[in-house]
>>> print(open('coords05.txt').read())   # compact mmCIF, C-alpha atoms
# COMPACT_ATOMS: atom_id res chain seq x y z
CA MET A 1 -33.05 -34.73 156.68
CA PRO A 2 -29.60 -36.07 157.64
CA ALA A 3 -27.25 -33.56 159.23
CA ASP A 4 -23.86 -32.67 157.74
CA PRO A 5 -21.38 -35.17 159.31
CA ASN A 6 -18.56 -32.62 159.33
CA HIS A 7 -20.69 -30.10 161.17
CA VAL A 8 -21.83 -32.78 163.62
CA LEU A 9 -18.26 -33.94 164.24
CA ALA A 10 -17.16 -30.35 164.88
CA ARG A 11 -20.05 -29.92 167.32
CA ILE A 12 -19.05 -33.11 169.17
CA LYS A 13 -15.41 -32.06 169.35
CA ALA A 14 -16.45 -28.66 170.72
CA VAL A 15 -18.15 -30.15 173.78
CA PRO A 16 -15.84 -29.68 176.80
CA GLN A 17 -15.08 -32.68 178.97
CA THR A 18 -17.12 -31.17 181.80
CA ARG A 19 -20.25 -31.47 179.66
CA ARG A 20 -19.62 -35.05 178.54
CA LEU A 21 -21.48 -37.87 180.25
CA LEU A 22 -20.67 -41.55 179.94
CA LEU A 23 -23.39 -44.12 180.41
CA PRO A 24 -21.86 -47.47 181.41
CA ASP A 25 -22.72 -50.57 179.44
CA ARG A 26 -25.65 -52.52 180.89
CA PHE A 27 -26.57 -49.39 182.78
CA SER A 28 -29.04 -49.69 185.63
CA ALA A 29 -31.71 -47.46 187.11
CA ASP A 30 -29.06 -46.06 189.48
CA ASP A 31 -26.81 -45.15 186.55
CA ALA A 32 -29.74 -43.55 184.74
CA GLY A 33 -30.61 -41.56 187.86
CA ARG A 34 -27.04 -40.34 188.26
CA VAL A 35 -26.73 -39.31 184.62
CA GLY A 36 -30.20 -37.74 184.65
CA THR A 37 -29.18 -35.66 187.67
CA ASP A 38 -26.01 -34.60 185.87
CA VAL A 39 -28.04 -33.58 182.81
CA LEU A 40 -30.29 -31.39 184.95
CA ARG A 41 -27.30 -29.87 186.77
CA LEU A 42 -25.49 -29.10 183.51
CA SER A 43 -28.70 -27.69 182.03
CA ALA A 44 -28.97 -25.33 185.00
CA GLU A 45 -25.40 -24.18 184.44
CA SER A 46 -25.67 -23.46 180.72
CA ASP A 47 -27.75 -24.15 177.63
CA ARG A 48 -24.72 -25.32 175.68
CA ASP A 49 -24.57 -28.85 174.26
CA ILE A 50 -24.25 -31.90 176.49
CA LEU A 51 -22.62 -34.97 174.93
CA LEU A 52 -24.12 -38.25 176.06
CA LEU A 53 -22.04 -41.31 175.21
CA LEU A 54 -24.48 -44.19 174.90
CA PRO A 55 -23.41 -47.81 175.51
CA PRO A 56 -24.58 -50.86 173.54
CA THR A 57 -26.98 -52.09 176.22
CA GLY A 58 -28.94 -50.94 179.22
CA VAL A 59 -32.04 -51.79 181.19
CA LEU A 60 -35.01 -50.64 179.12
CA ALA A 61 -36.91 -49.07 182.01
CA ALA A 62 -33.79 -47.16 183.08
CA GLY A 63 -33.30 -45.91 179.54
CA LEU A 64 -36.89 -44.76 179.38
CA SER A 65 -36.68 -42.87 182.68
CA LEU A 66 -33.55 -41.12 181.43
CA GLY A 67 -35.37 -40.43 178.18
CA GLU A 68 -38.05 -38.64 180.18
CA VAL A 69 -35.40 -36.35 181.67
CA LEU A 70 -33.86 -35.62 178.27
CA SER A 71 -37.30 -34.79 176.87
CA GLN A 72 -38.08 -32.22 179.56
CA PRO A 73 -38.49 -28.63 178.36
CA GLY A 74 -35.54 -26.52 179.43
CA THR A 75 -33.06 -29.35 179.26
CA ALA A 76 -29.89 -28.31 177.42
CA PRO A 77 -29.58 -29.88 173.97
CA THR A 78 -28.13 -33.35 174.23
CA ILE A 79 -26.03 -34.93 171.53
CA GLY A 80 -26.57 -38.67 171.81
CA LEU A 81 -23.56 -40.54 170.44
CA LEU A 82 -23.91 -44.26 170.03
CA CYS A 83 -20.91 -46.49 169.37
CA GLY A 84 -20.85 -50.27 168.94
CA SER A 85 -23.79 -52.54 168.26
CA ALA A 86 -26.92 -51.52 170.11
CA ALA A 87 -30.19 -53.35 170.50
CA THR A 88 -33.53 -52.43 172.05
CA SER A 89 -33.25 -49.66 174.61
CA MET A 90 -30.35 -47.67 173.17
CA PRO A 91 -31.90 -46.91 169.77
CA ILE A 92 -34.97 -45.80 171.70
CA LEU A 93 -33.06 -43.62 174.14
CA LEU A 94 -31.22 -42.09 171.19
CA GLN A 95 -34.57 -40.79 169.92
CA CYS A 96 -34.84 -38.59 173.04
CA CYS A 97 -31.64 -36.71 172.22
CA ALA A 98 -31.75 -33.39 170.40
CA LEU A 99 -29.11 -34.60 167.95
CA ARG A 100 -28.98 -38.31 167.25
CA VAL A 101 -25.53 -39.43 166.16
CA LEU A 102 -24.12 -42.84 165.32
CA SER A 103 -20.54 -43.85 164.93
CA LYS A 104 -20.19 -45.04 161.35
CA HIS A 105 -19.23 -48.42 162.80
CA ALA A 106 -22.38 -48.76 164.88
CA ARG A 107 -25.31 -51.07 164.22
CA LEU A 108 -28.87 -50.72 165.42
CA ALA A 109 -31.42 -53.43 166.13
CA PRO A 110 -34.49 -51.69 167.58
CA THR A 111 -36.37 -54.93 168.14
CA THR A 112 -38.20 -54.01 171.33
CA LEU A 113 -40.59 -51.86 169.37
CA PHE A 114 -42.20 -55.02 168.05
CA GLN A 115 -43.79 -55.65 171.41
CA THR A 116 -45.80 -52.47 171.46
CA HIS A 117 -46.25 -51.56 167.84
CA THR A 118 -49.96 -52.19 167.87
CA VAL A 119 -50.53 -49.79 170.74
CA ALA A 120 -48.17 -47.30 169.15
CA ALA A 121 -50.15 -47.48 165.94
CA LEU A 122 -53.39 -46.89 167.84
CA LEU A 123 -51.96 -43.89 169.62
CA PHE A 124 -51.04 -42.08 166.47
CA SER A 125 -53.51 -43.25 163.89
CA GLY A 126 -56.80 -42.19 165.46
CA PRO A 127 -58.39 -38.89 166.41
CA GLU A 128 -57.42 -37.27 169.69
CA GLU A 129 -60.50 -38.57 171.54
CA GLN A 130 -59.67 -42.10 170.53
CA THR A 131 -56.06 -41.59 171.56
CA ALA A 132 -57.18 -40.36 174.97
CA ARG A 133 -59.49 -43.34 175.43
CA THR A 134 -56.71 -45.70 174.41
CA LEU A 135 -54.37 -44.12 176.91
CA GLU A 136 -56.90 -44.40 179.72
CA ALA A 137 -57.29 -48.05 179.01
CA LEU A 138 -53.66 -48.73 179.53
CA ASP A 139 -52.04 -49.69 182.76
CA ALA A 140 -49.98 -46.78 184.15
CA GLN A 141 -46.65 -48.48 183.84
CA LEU A 142 -47.37 -49.86 180.43
CA PHE A 143 -48.58 -46.42 179.46
CA THR A 144 -45.31 -44.74 180.34
CA LEU A 145 -43.30 -47.32 178.53
CA THR A 146 -45.56 -47.40 175.52
CA ARG A 147 -45.97 -43.66 175.29
CA LEU A 148 -42.24 -43.10 175.18
CA GLN A 149 -41.67 -45.84 172.68
CA ALA A 150 -44.51 -44.58 170.55
CA LEU A 151 -43.23 -41.02 170.66
CA MET A 152 -39.81 -42.18 169.64
CA MET A 153 -41.20 -44.36 166.94
CA LYS A 154 -43.24 -41.46 165.66
CA ARG A 155 -40.08 -39.35 165.45
CA VAL A 156 -38.51 -41.96 163.25
CA GLY A 157 -41.71 -42.24 161.22
CA ASP A 158 -41.80 -38.49 160.71
CA ALA A 159 -38.22 -38.48 159.56
CA ILE A 160 -38.99 -40.78 156.67
CA GLY A 161 -42.48 -39.45 156.01
CA SER A 162 -44.11 -42.66 157.16
CA ASP A 163 -46.76 -43.53 159.70
CA VAL A 164 -45.91 -45.96 162.45
CA VAL A 165 -47.72 -48.85 160.83
CA THR A 166 -45.65 -48.50 157.69
CA LEU A 167 -42.56 -48.08 159.78
CA GLN A 168 -43.36 -51.28 161.62
CA ALA A 169 -43.60 -53.10 158.32
CA VAL A 170 -40.19 -51.72 157.42
CA LEU A 171 -38.82 -52.97 160.73
CA ASP A 172 -40.41 -56.37 160.21
CA ALA A 173 -38.62 -56.69 156.91
CA LYS A 174 -35.32 -55.31 158.18
CA PRO A 175 -34.81 -55.29 161.95
CA ASP A 176 -31.08 -54.62 161.83
CA PHE A 177 -29.37 -51.52 160.41
CA SER A 178 -25.85 -50.42 159.68
CA ALA A 179 -25.15 -46.81 160.68
CA GLY A 180 -25.67 -45.51 157.16
CA GLU A 181 -28.90 -47.46 156.78
CA ALA A 182 -30.11 -46.21 160.16
CA VAL A 183 -29.61 -42.59 159.12
CA ALA A 184 -31.39 -43.20 155.84
CA ALA A 185 -34.27 -44.84 157.72
CA GLY A 186 -34.61 -41.90 160.12
CA TRP A 187 -33.20 -43.54 163.24
CA ALA A 188 -30.39 -41.02 163.54
CA ASP A 189 -29.50 -37.58 162.20
CA ALA A 190 -25.93 -38.39 161.20
CA CYS A 191 -23.22 -41.00 161.28
CA VAL A 192 -19.66 -39.82 161.80
CA MET B 1 9.50 -34.97 189.34
CA PRO B 2 13.04 -36.28 190.21
CA ALA B 3 12.48 -39.87 189.12
CA TYR B 4 11.42 -38.72 185.71
CA ASP B 5 14.42 -36.41 185.25
CA GLU B 6 16.82 -39.11 186.42
CA PHE B 7 15.24 -41.54 184.01
CA LEU B 8 15.67 -39.12 181.14
CA ASP B 9 19.28 -38.44 182.08
CA GLY B 10 20.07 -42.11 182.05
CA ALA B 11 18.08 -42.95 178.96
CA ALA B 12 19.77 -44.76 176.12
CA PRO B 13 20.96 -42.60 173.22
CA ILE B 14 18.17 -41.71 170.85
CA GLY B 15 18.04 -39.92 167.55
CA PRO B 16 17.38 -36.18 167.69
CA GLU B 17 14.16 -36.56 165.72
CA GLN B 18 12.78 -38.94 168.37
CA ALA B 19 13.84 -37.04 171.44
CA PRO B 20 10.89 -34.64 171.84
CA GLN B 21 8.36 -37.41 171.25
CA ARG B 22 10.13 -39.70 173.66
CA GLN B 23 10.36 -37.04 176.34
CA ALA B 24 6.70 -36.20 176.00
CA LEU B 25 5.87 -39.88 176.24
CA PHE B 26 7.88 -40.38 179.42
CA ARG B 27 6.43 -37.23 180.93
CA THR B 28 2.90 -38.48 180.38
CA VAL B 29 3.64 -42.00 181.62
CA PHE B 30 5.37 -40.74 184.75
CA ALA B 31 2.46 -38.43 185.46
CA GLY B 32 0.28 -41.52 185.79
CA ARG B 33 -1.69 -40.68 182.67
CA SER B 34 -1.22 -43.99 180.90
CA LEU B 35 -3.16 -47.18 180.61
CA ILE B 36 -2.55 -50.58 179.12
CA LEU B 37 -5.00 -52.24 176.81
CA PRO B 38 -5.78 -55.66 178.34
CA PRO B 39 -4.38 -58.52 176.27
CA ASP B 40 -7.80 -60.12 175.99
CA LEU B 41 -10.20 -57.30 175.18
CA THR B 42 -13.55 -58.63 176.33
CA ASP B 43 -16.66 -56.44 176.51
CA GLU B 44 -16.03 -55.95 180.23
CA ALA B 45 -12.37 -55.06 179.70
CA ALA B 46 -13.32 -52.58 176.96
CA GLU B 47 -15.80 -50.99 179.33
CA GLU B 48 -13.05 -50.53 181.94
CA VAL B 49 -10.71 -49.01 179.36
CA ILE B 50 -13.42 -46.60 178.22
CA LYS B 51 -14.22 -45.56 181.81
CA ARG B 52 -10.53 -45.01 182.54
CA LEU B 53 -10.05 -42.97 179.35
CA PHE B 54 -13.04 -40.88 180.35
CA GLU B 55 -11.64 -40.30 183.86
CA LEU B 56 -8.21 -39.38 182.53
CA SER B 57 -9.81 -36.92 180.11
CA SER B 58 -11.06 -34.73 182.95
CA THR B 59 -7.87 -32.63 182.97
CA GLY B 60 -7.58 -32.29 179.21
CA GLU B 61 -3.95 -33.40 179.26
CA PRO B 62 -2.43 -36.06 176.97
CA ILE B 63 -2.93 -39.75 177.66
CA VAL B 64 -0.73 -42.69 176.64
CA LEU B 65 -2.34 -45.97 175.67
CA PHE B 66 -0.10 -49.04 175.45
CA VAL B 67 -1.55 -51.36 172.85
CA GLY B 68 -0.57 -54.99 172.56
CA GLY B 69 -1.88 -58.45 171.91
CA ASP B 70 -4.93 -59.40 169.96
CA THR B 71 -8.62 -59.75 170.49
CA SER B 72 -11.33 -61.48 168.57
CA ASN B 73 -13.94 -59.07 169.89
CA TYR B 74 -14.72 -56.77 166.99
CA SER B 75 -17.41 -54.78 168.81
CA ALA B 76 -15.26 -54.15 171.89
CA ALA B 77 -12.33 -53.03 169.76
CA LEU B 78 -14.47 -50.66 167.69
CA ARG B 79 -16.02 -49.16 170.84
CA VAL B 80 -12.58 -48.36 172.24
CA PHE B 81 -11.55 -47.02 168.83
CA ASP B 82 -14.59 -44.72 168.72
CA CYS B 83 -14.19 -43.53 172.31
CA ILE B 84 -10.62 -42.44 171.54
CA ARG B 85 -11.72 -40.89 168.25
CA PHE B 86 -14.50 -38.86 169.84
CA GLY B 87 -12.60 -38.10 173.04
CA SER B 88 -11.65 -34.66 174.25
CA CYS B 89 -7.97 -35.47 174.95
CA PRO B 90 -5.08 -36.43 172.66
CA VAL B 91 -4.19 -40.10 173.11
CA THR B 92 -0.71 -41.30 172.16
CA GLY B 93 -0.74 -44.94 171.13
CA VAL B 94 2.29 -47.16 171.75
CA ALA B 95 2.44 -50.59 170.15
CA GLY B 96 4.50 -52.71 172.50
CA SER B 97 4.32 -56.20 171.06
CA GLU B 98 2.71 -58.15 168.23
CA LEU B 99 -0.66 -56.60 167.48
CA GLY B 100 -3.59 -58.35 165.83
CA THR B 101 -5.99 -56.78 163.37
CA PHE B 102 -8.37 -55.28 165.91
CA THR B 103 -5.67 -53.90 168.20
CA THR B 104 -3.96 -52.41 165.14
CA VAL B 105 -7.25 -50.69 164.41
CA ILE B 106 -7.39 -49.27 167.95
CA LEU B 107 -3.89 -47.84 167.45
CA GLN B 108 -5.20 -45.94 164.41
CA ALA B 109 -7.42 -43.81 166.65
CA CYS B 110 -4.35 -42.50 168.48
CA GLU B 111 -2.26 -39.45 167.67
CA PRO B 112 0.63 -40.05 167.29
CA ARG B 113 0.93 -43.79 166.67
CA LEU B 114 4.23 -45.06 168.01
CA ALA B 115 5.67 -48.57 167.95
CA MET B 116 8.46 -50.22 169.89
CA ALA B 117 11.18 -51.59 167.63
CA GLU B 118 10.29 -55.17 168.49
CA SER B 119 6.57 -54.82 167.77
CA GLY B 120 4.76 -56.12 164.69
CA PHE B 121 1.33 -56.30 163.16
CA ALA B 122 -0.28 -59.66 162.42
CA LEU B 123 -3.13 -58.66 160.18
CA ALA B 124 -5.18 -61.78 159.81
CA MET B 125 -8.69 -62.55 160.72
CA ILE B 126 -11.40 -63.95 158.68
CA GLY B 127 -10.37 -64.56 155.13
CA GLY B 128 -10.02 -68.31 155.40
CA TRP B 129 -13.18 -68.62 157.40
CA LEU B 130 -15.08 -66.56 154.87
CA ASP B 131 -13.86 -68.70 151.97
CA ALA B 132 -14.74 -71.88 153.86
CA THR B 133 -18.19 -70.51 154.55
CA ILE B 134 -18.91 -69.74 150.94
CA THR B 135 -17.67 -73.19 149.90
CA LEU B 136 -19.63 -74.98 152.59
CA THR B 137 -22.93 -73.17 152.23
CA PRO B 138 -24.38 -74.85 149.11
CA SER B 139 -23.89 -78.28 150.69
CA LEU B 140 -26.07 -77.48 153.69
CA SER B 141 -29.48 -79.09 153.52
CA SER B 142 -31.32 -76.65 155.74
CA MET B 143 -32.49 -73.41 154.18
CA ASP B 144 -32.30 -71.73 157.59
CA ALA B 145 -28.70 -72.81 158.06
CA ARG B 146 -27.78 -71.58 154.58
CA THR B 147 -29.52 -68.27 155.22
CA SER B 148 -27.83 -67.84 158.60
CA ILE B 149 -24.39 -68.57 157.25
CA LEU B 150 -24.81 -66.31 154.24
CA ARG B 151 -25.99 -63.54 156.54
CA ALA B 152 -22.94 -64.10 158.75
CA ALA B 153 -20.70 -63.99 155.69
CA GLU B 154 -22.34 -60.73 154.63
CA ARG B 155 -21.66 -59.30 158.09
CA ILE B 156 -18.03 -60.39 157.91
CA ARG B 157 -17.62 -58.68 154.53
CA GLU B 158 -19.12 -55.53 155.99
CA ARG B 159 -16.70 -55.64 158.93
CA LEU B 160 -13.79 -56.33 156.62
CA SER B 161 -14.76 -53.27 154.61
CA ILE B 162 -14.95 -51.12 157.76
CA LEU B 163 -11.53 -52.33 158.92
CA GLY B 164 -10.08 -51.63 155.48
CA ASP B 165 -11.51 -48.09 155.53
CA ILE B 166 -10.06 -47.40 159.00
CA LEU B 167 -6.61 -48.68 158.11
CA ALA B 168 -6.62 -46.84 154.78
CA ALA B 169 -7.66 -43.52 156.33
CA ARG B 170 -4.26 -42.86 157.87
CA SER B 171 -1.91 -44.97 155.76
CA ASN B 172 -0.56 -44.95 152.22
CA LEU B 173 -2.48 -48.05 151.19
CA THR B 174 -6.03 -48.27 149.89
CA ALA B 175 -8.91 -49.97 151.67
CA ALA B 176 -8.76 -52.72 149.02
CA ASP B 177 -5.06 -53.25 149.77
CA TRP B 178 -5.83 -53.61 153.46
CA THR B 179 -8.75 -56.00 153.03
CA ALA B 180 -6.53 -58.14 150.80
CA ARG B 181 -3.81 -58.16 153.44
CA ILE B 182 -6.27 -59.08 156.19
CA THR B 183 -7.89 -61.77 154.07
CA THR B 184 -4.59 -63.41 153.17
CA GLY B 185 -3.22 -62.98 156.68
CA ARG B 186 -0.12 -61.06 155.75
CA GLY B 187 1.91 -59.68 158.64
CA VAL B 188 3.62 -56.29 158.69
CA GLY B 189 6.98 -55.62 160.33
CA VAL B 190 7.61 -52.40 162.18
CA ASP B 191 9.83 -50.91 159.45
CA GLU B 192 7.26 -51.66 156.78
CA ALA B 193 4.53 -50.29 159.07
CA LEU B 194 6.39 -46.98 159.21
CA ARG B 195 6.93 -46.93 155.47
CA ILE B 196 3.27 -47.54 154.61
CA GLY B 197 1.98 -45.10 157.23
CA LEU B 198 0.49 -47.56 159.70
CA ILE B 199 2.52 -45.89 162.45
CA ASP B 200 4.12 -42.45 162.79
CA ALA B 201 7.40 -43.36 164.48
CA ILE B 202 9.46 -46.22 165.89
CA ILE B 203 10.80 -45.82 169.41
CA ASP B 204 13.75 -47.80 170.72
>>> encode(input="coords05.txt", output="structure tokens")
Amino acid sequence: MPADPNHVLARIKAVPQTRRLLLPDRFSADDAGRVGTDVLRLSAESDRDILLLLPPTGVLAAGLSLGEVLSQPGTAPTIGLLCGSAATSMPILLQCCALRVLSKHARLAPTTLFQTHTVAALLFSGPEEQTARTLEALDAQLFTLTRLQALMMKRVGDAIGSDVVTLQAVLDAKPDFSAGEAVAAGWADACV
Amino acid sequence: MPAYDEFLDGAAPIGPEQAPQRQALFRTVFAGRSLILPPDLTDEAAEEVIKRLFELSSTGEPIVLFVGGDTSNYSAALRVFDCIRFGSCPVTGVAGSELGTFTTVILQACEPRLAMAESGFALAMIGGWLDATITLTPSLSSMDARTSILRAAERIRERLSILGDILAARSNLTAADWTARITTGRGVGVDEALRIGLIDAIID
């Protein structure tokens, strides 16, 4: 269910500068580590919103490690705000934020999901025992990457009432979204 | 700050309605809270502007952004526009020369939007290219080439629509008026810009 843009905009505006974090474009593992540390520090200070300004591009692995931090229980709610045209890792990192917001001028191209969609489908289509066996069969690094991507993909799938296989078919047909289309497809909660 | 006061004392005569705005502007500039948009706004330059805006926002005090020149980088311009729009500090925009379409759009994120008397707005971008594309497309033999070009044309129309919406949001003209102006490449002088609401004030 899309969020009310006016309410979202008011929530963004209410975030003080001290709780705003800027991820640089083409951000690296170092940048992700620094921002992740800031998120934990701000979460320890207060459970009020943290605004995370997401850039168009970043190293996928760095985005995923930051996504792990954002997904930790006890982390203050993060508003992920994505401006510009973002491919691969940013749409995925956005899925880890409590509130997923796009500028109305943004575009999303979540193409990286193609690489792991089969594994993602396996993870969420079978019974728990099968899921566990599938996980065990995966290499540890691939597991981390795939698990996060699959979780994020499932969030999008849930938002539109679709399983990941159907969602993949949707992505195959349309890999590139305007902000409005991305909200309608469940990739974000609002565009403002 | 003596230099600032001396500058104000020696400033050229200005109309009473401009004086407070002008004084606030000078105060901000002399406090080192200003930045200049690079004339060629590449992705890297936009990133630097965004970082600097973010740093300057730490105190919550006003910022002045001098806007000039043109850029062909739509994405970079819209990122800067959004970062000002979603920022936590008021950003005064000052148009200091001839602005192109995308830099004019960046100015629209600022509050207030000021323009030097000698500035202007050259709103032209893609109209001719779009027309040429549509004319050329049927003659292409390759289906892939036709598809690619039509997709590019669709993207251009979408961007044109976004630019029209942004310019219409704070002016007296409609989005359709603005897209027509951009498509036909019609320039806007500073007096007309004030009249149609593209800027809030002219400063001498």
>>> residues_around(input="coords05.txt", residues="Glu192 in chain B", least_positions_apart="6", cutoff="10 Å", atoms="all atoms listed in the file", output="list in words")
Gly120, Phe121, Leu198 and Ile199 of chain B
>>> interface_residues(input="coords05.txt", of="chain A", to="chain B", cutoff="10 Å", atoms="all atoms listed in the file", output="PDB file with C-alpha atoms, keeping the file's coordinate frame")
ATOM      1  CA  LEU A   9     -18.260 -33.940 164.240  1.00  0.00           C
ATOM      2  CA  ILE A  12     -19.050 -33.110 169.170  1.00  0.00           C
ATOM      3  CA  LYS A  13     -15.410 -32.060 169.350  1.00  0.00           C
ATOM      4  CA  ALA A  14     -16.450 -28.660 170.720  1.00  0.00           C
ATOM      5  CA  VAL A  15     -18.150 -30.150 173.780  1.00  0.00           C
ATOM      6  CA  PRO A  16     -15.840 -29.680 176.800  1.00  0.00           C
ATOM      7  CA  GLN A  17     -15.080 -32.680 178.970  1.00  0.00           C
ATOM      8  CA  THR A  18     -17.120 -31.170 181.800  1.00  0.00           C
ATOM      9  CA  ARG A  20     -19.620 -35.050 178.540  1.00  0.00           C
ATOM     10  CA  LEU A  21     -21.480 -37.870 180.250  1.00  0.00           C
ATOM     11  CA  LEU A  22     -20.670 -41.550 179.940  1.00  0.00           C
ATOM     12  CA  LEU A  23     -23.390 -44.120 180.410  1.00  0.00           C
ATOM     13  CA  PRO A  24     -21.860 -47.470 181.410  1.00  0.00           C
ATOM     14  CA  ASP A  25     -22.720 -50.570 179.440  1.00  0.00           C
ATOM     15  CA  LEU A  53     -22.040 -41.310 175.210  1.00  0.00           C
ATOM     16  CA  PRO A  55     -23.410 -47.810 175.510  1.00  0.00           C
ATOM     17  CA  PRO A  56     -24.580 -50.860 173.540  1.00  0.00           C
ATOM     18  CA  LEU A  81     -23.560 -40.540 170.440  1.00  0.00           C
ATOM     19  CA  LEU A  82     -23.910 -44.260 170.030  1.00  0.00           C
ATOM     20  CA  CYS A  83     -20.910 -46.490 169.370  1.00  0.00           C
ATOM     21  CA  GLY A  84     -20.850 -50.270 168.940  1.00  0.00           C
ATOM     22  CA  SER A  85     -23.790 -52.540 168.260  1.00  0.00           C
ATOM     23  CA  SER A 103     -20.540 -43.850 164.930  1.00  0.00           C
ATOM     24  CA  LYS A 104     -20.190 -45.040 161.350  1.00  0.00           C
ATOM     25  CA  HIS A 105     -19.230 -48.420 162.800  1.00  0.00           C
ATOM     26  CA  ALA A 106     -22.380 -48.760 164.880  1.00  0.00           C
ATOM     27  CA  ARG A 107     -25.310 -51.070 164.220  1.00  0.00           C
ATOM     28  CA  SER A 178     -25.850 -50.420 159.680  1.00  0.00           C
ATOM     29  CA  VAL A 192     -19.660 -39.820 161.800  1.00  0.00           C
TER      30      VAL A 192
END
>>> atom_distance(input="coords05.txt", atom1="CA of Gly67 in chain A", atom2="CA of Ala109 in chain A")
18.2 Å
>>> residues_near_point(input="coords05.txt", point="(-31.4, -47.1, 189.2)", cutoff="10 Å", atoms="only C-alpha atoms", output="PyMOL selection string")
chain A and resi 27-34+59+61-63+65
>>> write_last_selection(input="coords05.txt", atoms="C-alpha atoms", output="PDB file, keeping the file's coordinate frame")
ATOM      1  CA  PHE A  27     -26.570 -49.390 182.780  1.00  0.00           C
ATOM      2  CA  SER A  28     -29.040 -49.690 185.630  1.00  0.00           C
ATOM      3  CA  ALA A  29     -31.710 -47.460 187.110  1.00  0.00           C
ATOM      4  CA  ASP A  30     -29.060 -46.060 189.480  1.00  0.00           C
ATOM      5  CA  ASP A  31     -26.810 -45.150 186.550  1.00  0.00           C
ATOM      6  CA  ALA A  32     -29.740 -43.550 184.740  1.00  0.00           C
ATOM      7  CA  GLY A  33     -30.610 -41.560 187.860  1.00  0.00           C
ATOM      8  CA  ARG A  34     -27.040 -40.340 188.260  1.00  0.00           C
ATOM      9  CA  VAL A  59     -32.040 -51.790 181.190  1.00  0.00           C
ATOM     10  CA  ALA A  61     -36.910 -49.070 182.010  1.00  0.00           C
ATOM     11  CA  ALA A  62     -33.790 -47.160 183.080  1.00  0.00           C
ATOM     12  CA  GLY A  63     -33.300 -45.910 179.540  1.00  0.00           C
ATOM     13  CA  SER A  65     -36.680 -42.870 182.680  1.00  0.00           C
TER      14      SER A  65
END
>>> atom_distance(input="coords05.txt", atom1="CA of Pro175 in chain A", atom2="CA of Glu68 in chain A")
24.9 Å
>>> closest_residue(input="coords05.txt", among="A:Val39, A:Ile50, A:Ile79, A:Leu108", to="Pro91 in chain A", atoms="only C-alpha atoms")
A:Leu108
>>> atom_distance(input="coords05.txt", atom1="CA of Glu61 in chain B", atom2="CA of Ala44 in chain A")
26.9 Å
>>> residues_around(input="coords05.txt", residues="Arg186 in chain B", least_positions_apart="4", cutoff="8 Å", atoms="all atoms listed in the file", output="list in words")
Ala122, Leu123, Ala124, Arg181 and Ile182 of chain B
